[in-house]
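Enquirer: Sharing work_13.pdb here; it has PDB, C-alpha atoms and all ligand atoms.
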ATOM      1  CA  MET A 508     142.979 143.925 131.624
ATOM      2  CA  LYS A 509     146.169 145.625 130.629
ATOM      3  CA  TYR A 510     148.980 143.330 129.451
ATOM      4  CA  ALA A 511     152.646 144.024 128.772
ATOM      5  CA  VAL A 512     153.487 141.958 125.674
ATOM      6  CA  PHE A 513     157.117 141.121 124.992
ATOM      7  CA  SER A 514     159.226 138.592 123.169
ATOM      8  CA  ASP A 515     162.778 137.478 122.357
ATOM      9  CA  ILE A 516     164.570 138.941 125.385
ATOM     10  CA  HIS A 517     167.598 136.789 124.536
ATOM     11  CA  SER A 518     169.483 137.285 127.806
ATOM     12  CA  ASN A 519     169.688 141.056 127.349
ATOM     13  CA  TYR A 520     169.244 142.298 130.919
ATOM     14  CA  GLU A 521     170.170 145.937 130.156
ATOM     15  CA  ALA A 522     167.258 146.160 127.688
ATOM     16  CA  LEU A 523     164.941 144.219 129.997
ATOM     17  CA  LYS A 524     165.608 146.566 132.946
ATOM     18  CA  VAL A 525     164.706 149.655 130.889
ATOM     19  CA  CYS A 526     161.506 148.085 129.529
ATOM     20  CA  LEU A 527     160.345 146.723 132.888
ATOM     21  CA  LYS A 528     160.814 150.186 134.424
ATOM     22  CA  LYS A 529     158.606 151.712 131.727
ATOM     23  CA  ILE A 530     156.019 148.919 132.145
ATOM     24  CA  GLU A 531     155.978 149.594 135.892
ATOM     25  CA  GLU A 532     155.257 153.288 135.222
ATOM     26  CA  ILE A 533     152.412 152.370 132.842
ATOM     27  CA  SER A 534     151.117 149.759 135.354
ATOM     28  CA  VAL A 535     149.793 146.506 133.905
ATOM     29  CA  ASP A 536     147.749 143.595 135.251
ATOM     30  CA  ALA A 537     149.694 140.801 133.559
ATOM     31  CA  TYR A 538     152.656 139.961 131.313
ATOM     32  CA  ALA A 539     152.406 137.987 128.064
ATOM     33  CA  PHE A 540     155.756 136.616 126.893
ATOM     34  CA  CYS A 541     156.079 135.153 123.376
ATOM     35  CA  GLY A 542     159.248 133.124 124.025
ATOM     36  CA  ASP A 543     163.059 133.115 123.773
ATOM     37  CA  LEU A 544     164.071 134.343 127.192
ATOM     38  CA  ILE A 545     167.619 133.095 126.695
ATOM     39  CA  GLY A 546     170.245 132.563 123.978
ATOM     40  CA  TYR A 547     172.565 135.054 122.208
ATOM     41  CA  GLY A 548     173.021 137.475 125.148
ATOM     42  CA  PRO A 549     175.282 137.604 128.216
ATOM     43  CA  SER A 550     172.794 137.624 131.147
ATOM     44  CA  PRO A 551     170.502 134.569 131.143
ATOM     45  CA  GLU A 552     170.307 134.202 134.924
ATOM     46  CA  GLU A 553     169.576 137.902 135.550
ATOM     47  CA  CYS A 554     166.784 137.810 132.943
ATOM     48  CA  ALA A 555     165.283 134.602 134.355
ATOM     49  CA  GLN A 556     165.338 136.030 137.900
ATOM     50  CA  ALA A 557     163.681 139.262 136.705
ATOM     51  CA  VAL A 558     160.780 137.635 134.855
ATOM     52  CA  MET A 559     160.292 135.053 137.619
ATOM     53  CA  LYS A 560     159.303 137.945 139.896
ATOM     54  CA  LEU A 561     156.585 139.269 137.569
ATOM     55  CA  LYS A 562     152.998 138.818 138.721
ATOM     56  CA  ASN A 563     150.608 137.077 136.323
ATOM     57  CA  PHE A 564     153.375 136.068 133.937
ATOM     58  CA  ILE A 565     152.051 134.089 130.922
ATOM     59  CA  PRO A 566     154.931 132.564 128.908
ATOM     60  CA  VAL A 567     155.224 130.381 125.833
ATOM     61  CA  MET A 568     158.464 128.644 124.972
ATOM     62  CA  GLY A 569     160.813 129.734 122.191
ATOM     63  CA  ASN A 570     163.245 127.649 120.152
ATOM     64  CA  HIS A 571     166.254 128.923 122.128
ATOM     65  CA  ASP A 572     164.488 128.100 125.414
ATOM     66  CA  MET A 573     163.748 124.616 124.071
ATOM     67  CA  SER A 574     167.361 124.068 122.994
ATOM     68  CA  LEU A 575     168.352 123.956 126.670
ATOM     69  CA  PHE A 576     166.466 120.680 126.957
ATOM     70  CA  ARG A 577     166.467 119.112 123.488
ATOM     71  CA  SER A 578     169.612 118.272 121.526
ATOM     72  CA  ASP A 579     167.737 118.246 118.184
ATOM     73  CA  PHE A 580     166.949 121.936 118.694
ATOM     74  CA  PHE A 581     170.534 122.666 119.770
ATOM     75  CA  ASN A 582     171.956 120.844 116.721
ATOM     76  CA  TRP A 583     169.662 122.768 114.358
ATOM     77  CA  PHE A 584     171.308 126.093 115.335
ATOM     78  CA  SER A 585     174.101 128.047 113.653
ATOM     79  CA  ASP A 586     177.560 127.829 115.260
ATOM     80  CA  TYR A 587     177.214 131.181 117.006
ATOM     81  CA  ALA A 588     173.758 130.325 118.388
ATOM     82  CA  ARG A 589     175.144 126.995 119.683
ATOM     83  CA  GLN A 590     178.053 128.780 121.373
ATOM     84  CA  SER A 591     175.610 131.052 123.175
ATOM     85  CA  ILE A 592     173.549 128.065 124.363
ATOM     86  CA  ILE A 593     176.699 126.363 125.727
ATOM     87  CA  TYR A 594     177.429 129.624 127.594
ATOM     88  CA  THR A 595     173.802 129.776 128.806
ATOM     89  CA  GLN A 596     173.881 126.184 130.110
ATOM     90  CA  LYS A 597     176.871 127.149 132.285
ATOM     91  CA  HIS A 598     175.405 130.411 133.559
ATOM     92  CA  LEU A 599     171.842 129.397 134.358
ATOM     93  CA  SER A 600     170.805 128.014 137.766
ATOM     94  CA  GLN A 601     168.798 124.801 138.033
ATOM     95  CA  LYS A 602     165.903 126.850 139.439
ATOM     96  CA  SER A 603     165.891 129.026 136.310
ATOM     97  CA  LYS A 604     166.137 125.992 134.013
ATOM     98  CA  ASP A 605     163.150 124.444 135.802
ATOM     99  CA  PHE A 606     161.269 127.726 135.433
ATOM    100  CA  ILE A 607     161.955 127.890 131.664
ATOM    101  CA  SER A 608     161.062 124.215 131.205
ATOM    102  CA  SER A 609     157.575 125.029 132.533
ATOM    103  CA  PHE A 610     156.801 127.410 129.598
ATOM    104  CA  ALA A 611     153.875 126.196 127.466
ATOM    105  CA  GLU A 612     154.062 125.325 123.756
ATOM    106  CA  SER A 613     151.204 127.743 123.035
ATOM    107  CA  TYR A 614     148.529 129.658 124.931
ATOM    108  CA  GLN A 615     144.823 130.184 124.350
ATOM    109  CA  GLY A 616     143.124 132.607 126.741
ATOM    110  CA  LYS A 617     139.957 134.691 126.806
ATOM    111  CA  ASP A 618     141.696 137.881 125.637
ATOM    112  CA  PHE A 619     144.291 136.469 123.207
ATOM    113  CA  ALA A 620     146.180 133.442 121.895
ATOM    114  CA  MET A 621     149.975 133.191 121.766
ATOM    115  CA  VAL A 622     152.720 131.076 120.171
ATOM    116  CA  HIS A 623     156.427 131.699 119.481
ATOM    117  CA  GLY A 624     156.588 130.661 115.792
ATOM    118  CA  SER A 625     153.308 129.392 114.354
ATOM    119  CA  PHE A 626     150.681 126.829 115.354
ATOM    120  CA  PHE A 627     152.017 124.427 112.711
ATOM    121  CA  ASP A 628     155.522 124.580 114.138
ATOM    122  CA  PRO A 629     155.720 126.593 117.378
ATOM    123  CA  TYR A 630     159.521 126.665 117.320
ATOM    124  CA  ARG A 631     160.708 126.765 113.718
ATOM    125  CA  ASP A 632     158.113 128.577 111.591
ATOM    126  CA  TYR A 633     158.550 132.317 111.043
ATOM    127  CA  LEU A 634     155.000 133.662 110.706
ATOM    128  CA  LEU A 635     155.454 136.642 108.395
ATOM    129  CA  THR A 636     153.057 136.465 105.439
ATOM    130  CA  ALA A 637     149.340 136.861 104.674
ATOM    131  CA  GLU A 638     149.310 133.273 103.349
ATOM    132  CA  GLN A 639     150.607 131.965 106.687
ATOM    133  CA  PHE A 640     147.933 133.983 108.505
ATOM    134  CA  ILE A 641     145.241 132.166 106.474
ATOM    135  CA  LEU A 642     146.846 128.750 107.114
ATOM    136  CA  ASN A 643     146.873 129.385 110.894
ATOM    137  CA  LEU A 644     143.360 130.884 110.992
ATOM    138  CA  ASP A 645     141.586 127.829 112.441
ATOM    139  CA  LYS A 646     144.341 127.029 114.948
ATOM    140  CA  TRP A 647     143.454 129.779 117.415
ATOM    141  CA  GLN A 648     140.273 131.400 118.761
ATOM    142  CA  GLY A 649     139.291 135.008 119.352
ATOM    143  CA  ASN A 650     140.346 138.187 117.587
ATOM    144  CA  LEU A 651     143.994 138.459 118.627
ATOM    145  CA  CYS A 652     147.092 136.300 118.588
ATOM    146  CA  PHE A 653     150.625 137.262 119.617
ATOM    147  CA  VAL A 654     153.711 135.712 118.021
ATOM    148  CA  GLY A 655     157.482 136.237 118.299
ATOM    149  CA  HIS A 656     160.511 134.588 116.658
ATOM    150  CA  SER A 657     161.153 136.935 113.673
ATOM    151  CA  HIS A 658     162.222 139.863 115.920
ATOM    152  CA  VAL A 659     160.239 142.229 113.665
ATOM    153  CA  PRO A 660     157.305 144.209 115.149
ATOM    154  CA  PHE A 661     154.258 143.922 112.884
ATOM    155  CA  ILE A 662     150.480 143.713 112.826
ATOM    156  CA  MET A 663     148.457 141.519 110.456
ATOM    157  CA  SER A 664     144.797 142.513 110.068
ATOM    158  CA  TYR A 665     142.186 140.167 108.633
ATOM    159  CA  LYS A 666     138.543 140.552 107.576
ATOM    160  CA  SER A 667     136.616 137.456 106.418
ATOM    161  CA  ASN A 668     137.079 136.639 102.742
ATOM    162  CA  HIS A 669     139.841 139.232 102.314
ATOM    163  CA  MET A 670     143.598 138.731 102.181
ATOM    164  CA  PRO A 671     145.207 139.816 105.465
ATOM    165  CA  GLN A 672     147.105 143.081 105.454
ATOM    166  CA  VAL A 673     150.639 143.056 106.912
ATOM    167  CA  ASP A 674     152.042 146.285 108.376
ATOM    168  CA  VAL A 675     155.375 146.713 110.114
ATOM    169  CA  PHE A 676     155.264 149.044 113.121
ATOM    170  CA  LEU A 677     157.265 152.207 112.468
ATOM    171  CA  GLY A 678     158.005 154.866 115.066
ATOM    172  CA  SER A 679     158.806 154.650 118.746
ATOM    173  CA  ASP A 680     155.309 154.967 120.241
ATOM    174  CA  VAL A 681     152.388 153.828 118.074
ATOM    175  CA  THR A 682     148.867 152.879 119.199
ATOM    176  CA  ILE A 683     146.561 150.732 117.060
ATOM    177  CA  LYS A 684     142.829 150.391 117.725
ATOM    178  CA  MET A 685     141.476 146.945 116.928
ATOM    179  CA  LEU A 686     138.121 146.924 115.145
ATOM    180  CA  PRO A 687     135.131 144.602 115.759
ATOM    181  CA  GLY A 688     134.794 141.795 113.216
ATOM    182  CA  MET A 689     138.521 141.775 112.464
ATOM    183  CA  ARG A 690     141.219 139.279 113.545
ATOM    184  CA  TYR A 691     144.800 140.248 114.242
ATOM    185  CA  ILE A 692     148.224 138.672 114.659
ATOM    186  CA  ILE A 693     150.725 140.963 116.352
ATOM    187  CA  ASN A 694     154.454 140.542 116.872
ATOM    188  CA  PRO A 695     155.681 142.944 119.593
ATOM    189  CA  GLY A 696     159.210 142.823 118.122
ATOM    190  CA  SER A 697     162.277 141.739 120.060
ATOM    191  CA  LEU A 698     163.060 143.236 123.430
ATOM    192  CA  GLY A 699     166.680 142.110 123.417
ATOM    193  CA  GLN A 700     167.818 141.680 119.785
ATOM    194  CA  PRO A 701     165.710 143.731 117.300
ATOM    195  CA  ARG A 702     166.088 142.853 113.609
ATOM    196  CA  ASP A 703     164.087 145.591 111.880
ATOM    197  CA  THR A 704     167.106 147.918 111.499
ATOM    198  CA  ASN A 705     166.021 149.769 114.644
ATOM    199  CA  SER A 706     168.338 148.987 117.565
ATOM    200  CA  MET A 707     165.873 150.130 120.257
ATOM    201  CA  ALA A 708     164.217 147.549 122.517
ATOM    202  CA  SER A 709     160.688 146.701 121.395
ATOM    203  CA  PHE A 710     157.579 145.651 123.350
ATOM    204  CA  GLY A 711     153.871 146.434 123.571
ATOM    205  CA  ILE A 712     150.924 147.170 125.842
ATOM    206  CA  PHE A 713     147.600 145.466 125.069
ATOM    207  CA  ASP A 714     144.463 146.892 126.680
ATOM    208  CA  SER A 715     141.719 144.267 126.308
ATOM    209  CA  ALA A 716     138.907 146.612 127.452
ATOM    210  CA  GLN A 717     139.883 149.383 125.017
ATOM    211  CA  GLN A 718     141.026 146.897 122.336
ATOM    212  CA  THR A 719     144.197 148.882 121.758
ATOM    213  CA  PHE A 720     147.781 147.790 121.232
ATOM    214  CA  ARG A 721     150.588 150.263 121.877
ATOM    215  CA  LEU A 722     154.026 149.482 120.437
ATOM    216  CA  ILE A 723     156.887 151.119 122.330
ATOM    217  CA  ARG A 724     160.587 151.376 121.390
ATOM    218  CA  LEU A 725     163.131 152.363 124.023
ATOM    219  CA  PRO A 726     166.850 153.074 123.865
ATOM    220  CA  TYR A 727     169.078 151.186 126.278
ATOM    221  CA  ASP A 728     172.790 150.898 127.043
ATOM    222  CA  ILE A 729     173.947 148.763 124.088
ATOM    223  CA  LYS A 730     177.648 149.446 124.766
ATOM    224  CA  THR A 731     177.431 147.892 128.246
ATOM    225  CA  VAL A 732     175.812 144.740 126.819
ATOM    226  CA  GLN A 733     178.527 144.541 124.152
ATOM    227  CA  LYS A 734     181.235 144.785 126.835
ATOM    228  CA  GLN A 735     179.486 142.011 128.791
ATOM    229  CA  MET A 736     179.384 139.875 125.636
ATOM    230  CA  GLN A 737     183.058 140.479 124.941
ATOM    231  CA  LYS A 738     183.917 139.495 128.525
ATOM    232  CA  ALA A 739     181.780 136.363 128.133
ATOM    233  CA  ALA A 740     183.641 135.527 124.876
ATOM    234  CA  LEU A 741     180.358 135.339 122.945
ATOM    235  CA  PRO A 742     180.665 135.498 119.119
ATOM    236  CA  GLY A 743     181.312 139.017 117.762
ATOM    237  CA  ILE A 744     178.402 138.879 115.306
ATOM    238  CA  LEU A 745     175.953 138.670 118.220
ATOM    239  CA  SER A 746     177.430 141.820 119.707
ATOM    240  CA  THR A 747     177.659 143.973 116.550
ATOM    241  CA  ARG A 748     174.132 143.162 115.390
ATOM    242  CA  LEU A 749     172.768 144.884 118.516
ATOM    243  CA  SER A 750     174.158 148.215 117.218
ATOM    244  CA  HIS A 751     172.584 147.749 113.787
ATOM    245  CA  GLY A 752     169.284 146.234 114.891
ATOM    246  CA  ASN A 753     169.429 143.418 112.382
TER
HETATM  247 FE    FE B   1     164.446 134.750 118.990
END
Translate this structure into structure tokens?
Expert:
Amino acid sequence: MKYAVFSDIHSNYEALKVCLKKIEEISVDAYAFCGDLIGYGPSPEECAQAVMKLKNFIPVMGNHDMSLFRSDFFNWFSDYARQSIIYTQKHLSQKSKDFISSFAESYQGKDFAMVHGSFFDPYRDYLLTAEQFILNLDKWQGNLCFVGHSHVPFIMSYKSNHMPQVDVFLGSDVTIKMLPGMRYIINPGSLGQPRDTNSMASFGIFDSAQQTFRLIRLPYDIKTVQKQMQKAALPGILSTRLSHGN
């Protein structure tokens, strides 16, 4: 099976369009989504409609997705994140809200596991360190787990009785071969709001037969998204950070 793996779209339809076109060219069997379809960006409904059409779409819920339905999540946010959720509530159809509310807290399949944050706290934890890898080790099965939330593309590699190694993906097209006897946690980066100082949209392709993961970065029309955000009166910080990728 070949999976497109993507996370943290954050209502960025311009980035999503470019990535889905590339994924269509590559041709995949299924789509694994690590959460945060909405929040921050100007086009929640367009993004929801686009992913609703994908065949074999496997989603987990992110903290921004959850904040549509739970006031404790909404209240936990910064002012600018709250403003974007108020905007999202107004610009999302009931059908799309129902669709997002169906996202699972976590996923355990034959080929991989998946959670937005971590298995201890699927919505708030940022899984970033070797120590966190060890803590989460018994919470998922198999050799591969996908996470999102930090908006940084990385791979953690673990061999029994060794400390996991953490490597950030560098470059715009990188393929990693996964080795037998090892366990991995991969973050495909953020499709719609990268935070690794690279402004290009980030996603991956996982081939379960070949045991490879390919990380792809693609440029998209950031200026158009920024104009849309200005028109939507979304906070300026959310717009400028797209240019800087942080
Ligand atoms: Fe996010």
Enquirer: Check what the PyMOL selection byres (((not hetatm)) within 7 of (chain B and resi 1)) selects in the file above and give those residues as a PyMOL selection string.
Expert: chain A and resi 515+517+543+569+571+656-658
Enquirer: Starting from the PyMOL selection byres (((chain A and resi 516) around 9) and not hetatm), expand the selection into actual residues of this file and give them as a list in words.
Expert: Phe513, Ser514, Asp515, His517, Ser518, Asn519, Tyr520, Ala522, Leu523, Gly542, Asp543, Leu544, Ile545, Gly546, Gly548, Cys554, Ser697, Leu698, Gly699 and Gln700 of chain A
Enquirer: Let me see the file: selected residues, C-alpha atoms, as a short mmCIF file (atom, residue, chain, number, x, y, z; two decimals), in the coordinates of the input.
Expert:
data_model
loop_
_atom_site.label_atom_id
_atom_site.label_comp_id
_atom_site.auth_asym_id
_atom_site.auth_seq_id
_atom_site.Cartn_x
_atom_site.Cartn_y
_atom_site.Cartn_z
CA PHE A 513 157.12 141.12 124.99
CA SER A 514 159.23 138.59 123.17
CA ASP A 515 162.78 137.48 122.36
CA HIS A 517 167.60 136.79 124.54
CA SER A 518 169.48 137.28 127.81
CA ASN A 519 169.69 141.06 127.35
CA TYR A 520 169.24 142.30 130.92
CA ALA A 522 167.26 146.16 127.69
CA LEU A 523 164.94 144.22 130.00
CA GLY A 542 159.25 133.12 124.02
CA ASP A 543 163.06 133.12 123.77
CA LEU A 544 164.07 134.34 127.19
CA ILE A 545 167.62 133.10 126.70
CA GLY A 546 170.24 132.56 123.98
CA GLY A 548 173.02 137.48 125.15
CA CYS A 554 166.78 137.81 132.94
CA SER A 697 162.28 141.74 120.06
CA LEU A 698 163.06 143.24 123.43
CA GLY A 699 166.68 142.11 123.42
CA GLN A 700 167.82 141.68 119.78
#
Enquirer: Can you pull out the residues contacting A:Pro671? Cut-off 9 Å, using all atoms listed in the file, and skip same-chain residues under 4 positions away; I want them as a count of residues only.
Expert: 11
Enquirer: I'd like the box whose edges run along x, y and z of the file and which contains every listed atom of stretch 690-707 of chain A, padded by 5 Å per side; could you state its centre and edge lengths in Å, one decimal, as AutoDock Vina command-line options?
Expert:
--center_x 154.8 --center_y 144.4 --center_z 117.5 --size_x 37.1 --size_y 21.5 --size_z 21.9
Enquirer: Name the closest residue to A:Gln590 among the candidates A:Lys529, A:Pro549, A:Ser609, A:Asp536; distances are taken between atoms, counting all atoms listed in the file.
Expert: A:Pro549
Enquirer: Which residue is closest to A:Asp605? Choose from A:Ser715, A:Gln556, A:Asn650, A:Ser578 and count all atoms listed in the file.
Expert: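 Answer, going by the shortest atom-to-atom distance: A:Gln556.
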Enquirer: In file coordinates, which residues lie within 12 Å of (161.4, 136.8, 136.0) using all atoms listed in the file, given as a ChimeraX atom specification?
Expert: /A:516,518,520,523-524,527,538,540,544-545,551-566,602-604,606-607
Enquirer: Just want the 12 Å neighbourhood of A:Ile744, counted on all atoms listed in the file, with same-chain residues fewer than 6 positions away dropped. Output as a PyMOL selection string.
Expert: chain A and resi 547-548+585-588+590-591+700+733+736-737+750-753
Enquirer: What does the structure give for the distance between atom CA of A:Ser534 and atom CA of A:Ala620, in Å to one decimal?
Expert: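 Between atom CA of A:Ser534 and atom CA of A:Ala620 the gap works out to 21.7 Å.
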Enquirer: Show me the residues around (152.0, 141.1, 125.6) - criterion: an atom at most 7 Å away, all atoms listed in the file counted - as a PDB file with C-alpha atoms, in the coordinates of the input.
Expert:
ATOM      1  CA  TYR A 510     148.980 143.330 129.451  1.00  0.00           C
ATOM      2  CA  ALA A 511     152.646 144.024 128.772  1.00  0.00           C
ATOM      3  CA  VAL A 512     153.487 141.958 125.674  1.00  0.00           C
ATOM      4  CA  PHE A 513     157.117 141.121 124.992  1.00  0.00           C
ATOM      5  CA  TYR A 538     152.656 139.961 131.313  1.00  0.00           C
ATOM      6  CA  ALA A 539     152.406 137.987 128.064  1.00  0.00           C
ATOM      7  CA  PHE A 540     155.756 136.616 126.893  1.00  0.00           C
ATOM      8  CA  GLY A 711     153.871 146.434 123.571  1.00  0.00           C
ATOM      9  CA  ILE A 712     150.924 147.170 125.842  1.00  0.00           C
ATOM     10  CA  PHE A 713     147.600 145.466 125.069  1.00  0.00           C
TER      11      PHE A 713
END
Enquirer: Report the distance between atom CA of A:Val567 and atom CA of A:Ile729 in Å, rounded to one decimal place.
Expert: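 That distance, rounded to one decimal, is 26.3 Å.
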Enquirer: Might you spell out which residues the PyMOL selection byres (((chain A and resi 687) around 10) and not hetatm) would select in the displayed file, as a PyMOL selection string?
Expert: chain A and resi 650+666+684-686+688-690+718
Enquirer: Is it possible to add N, CA, C and O atoms to stretch 619-635 of chain A and hand it back as a PDB file, in the coordinates of the input?
Expert:
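Resulting contents of rebuild.pdb:
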ATOM      1  N   PHE A 619     143.373 136.647 124.353  1.00  0.00           N
ATOM      2  CA  PHE A 619     144.291 136.469 123.207  1.00  0.00           C
ATOM      3  C   PHE A 619     144.839 135.045 123.190  1.00  0.00           C
ATOM      4  O   PHE A 619     144.750 134.310 124.181  1.00  0.00           O
ATOM      5  N   ALA A 620     145.419 134.689 122.034  1.00  0.00           N
ATOM      6  CA  ALA A 620     146.180 133.442 121.895  1.00  0.00           C
ATOM      7  C   ALA A 620     147.648 133.832 121.731  1.00  0.00           C
ATOM      8  O   ALA A 620     147.968 134.999 121.472  1.00  0.00           O
ATOM      9  N   MET A 621     148.543 132.853 121.874  1.00  0.00           N
ATOM     10  CA  MET A 621     149.975 133.191 121.766  1.00  0.00           C
ATOM     11  C   MET A 621     150.784 131.941 121.413  1.00  0.00           C
ATOM     12  O   MET A 621     150.523 130.851 121.896  1.00  0.00           O
ATOM     13  N   VAL A 622     151.792 132.150 120.536  1.00  0.00           N
ATOM     14  CA  VAL A 622     152.720 131.076 120.171  1.00  0.00           C
ATOM     15  C   VAL A 622     154.024 131.750 119.721  1.00  0.00           C
ATOM     16  O   VAL A 622     153.992 132.894 119.242  1.00  0.00           O
ATOM     17  N   HIS A 623     155.152 131.065 119.866  1.00  0.00           N
ATOM     18  CA  HIS A 623     156.427 131.699 119.481  1.00  0.00           C
ATOM     19  C   HIS A 623     156.550 131.811 117.952  1.00  0.00           C
ATOM     20  O   HIS A 623     156.762 132.895 117.418  1.00  0.00           O
ATOM     21  N   GLY A 624     156.434 130.676 117.257  1.00  0.00           N
ATOM     22  CA  GLY A 624     156.588 130.661 115.792  1.00  0.00           C
ATOM     23  C   GLY A 624     155.239 130.688 115.105  1.00  0.00           C
ATOM     24  O   GLY A 624     154.707 131.743 114.770  1.00  0.00           O
ATOM     25  N   SER A 625     154.668 129.486 114.885  1.00  0.00           N
ATOM     26  CA  SER A 625     153.308 129.392 114.354  1.00  0.00           C
ATOM     27  C   SER A 625     152.653 128.166 114.992  1.00  0.00           C
ATOM     28  O   SER A 625     153.332 127.374 115.643  1.00  0.00           O
ATOM     29  N   PHE A 626     151.359 127.983 114.748  1.00  0.00           N
ATOM     30  CA  PHE A 626     150.681 126.829 115.354  1.00  0.00           C
ATOM     31  C   PHE A 626     151.033 125.530 114.634  1.00  0.00           C
ATOM     32  O   PHE A 626     150.841 124.458 115.172  1.00  0.00           O
ATOM     33  N   PHE A 627     151.567 125.626 113.415  1.00  0.00           N
ATOM     34  CA  PHE A 627     152.017 124.427 112.711  1.00  0.00           C
ATOM     35  C   PHE A 627     153.356 123.959 113.239  1.00  0.00           C
ATOM     36  O   PHE A 627     153.616 122.769 113.360  1.00  0.00           O
ATOM     37  N   ASP A 628     154.230 124.897 113.535  1.00  0.00           N
ATOM     38  CA  ASP A 628     155.522 124.580 114.138  1.00  0.00           C
ATOM     39  C   ASP A 628     155.877 125.712 115.110  1.00  0.00           C
ATOM     40  O   ASP A 628     156.415 126.743 114.700  1.00  0.00           O
ATOM     41  N   PRO A 629     155.550 125.522 116.394  1.00  0.00           N
ATOM     42  CA  PRO A 629     155.720 126.593 117.378  1.00  0.00           C
ATOM     43  C   PRO A 629     157.154 127.090 117.530  1.00  0.00           C
ATOM     44  O   PRO A 629     157.374 128.178 118.057  1.00  0.00           O
ATOM     45  N   TYR A 630     158.124 126.301 117.057  1.00  0.00           N
ATOM     46  CA  TYR A 630     159.521 126.665 117.320  1.00  0.00           C
ATOM     47  C   TYR A 630     160.330 126.999 116.069  1.00  0.00           C
ATOM     48  O   TYR A 630     161.370 127.630 116.176  1.00  0.00           O
ATOM     49  N   ARG A 631     159.872 126.560 114.905  1.00  0.00           N
ATOM     50  CA  ARG A 631     160.708 126.765 113.718  1.00  0.00           C
ATOM     51  C   ARG A 631     160.101 127.712 112.689  1.00  0.00           C
ATOM     52  O   ARG A 631     160.822 128.396 111.990  1.00  0.00           O
ATOM     53  N   ASP A 632     158.784 127.737 112.592  1.00  0.00           N
ATOM     54  CA  ASP A 632     158.113 128.577 111.591  1.00  0.00           C
ATOM     55  C   ASP A 632     158.269 130.069 111.917  1.00  0.00           C
ATOM     56  O   ASP A 632     158.075 130.463 113.067  1.00  0.00           O
ATOM     57  N   TYR A 633     158.579 130.857 110.898  1.00  0.00           N
ATOM     58  CA  TYR A 633     158.550 132.317 111.043  1.00  0.00           C
ATOM     59  C   TYR A 633     157.248 132.805 110.418  1.00  0.00           C
ATOM     60  O   TYR A 633     157.105 132.773 109.199  1.00  0.00           O
ATOM     61  N   LEU A 634     156.294 133.222 111.230  1.00  0.00           N
ATOM     62  CA  LEU A 634     155.000 133.662 110.706  1.00  0.00           C
ATOM     63  C   LEU A 634     155.124 135.118 110.247  1.00  0.00           C
ATOM     64  O   LEU A 634     155.212 136.031 111.062  1.00  0.00           O
ATOM     65  N   LEU A 635     155.154 135.313 108.941  1.00  0.00           N
ATOM     66  CA  LEU A 635     155.454 136.642 108.395  1.00  0.00           C
ATOM     67  C   LEU A 635     154.529 137.068 107.260  1.00  0.00           C
ATOM     68  O   LEU A 635     154.506 138.244 106.907  1.00  0.00           O
TER      69      LEU A 635
END
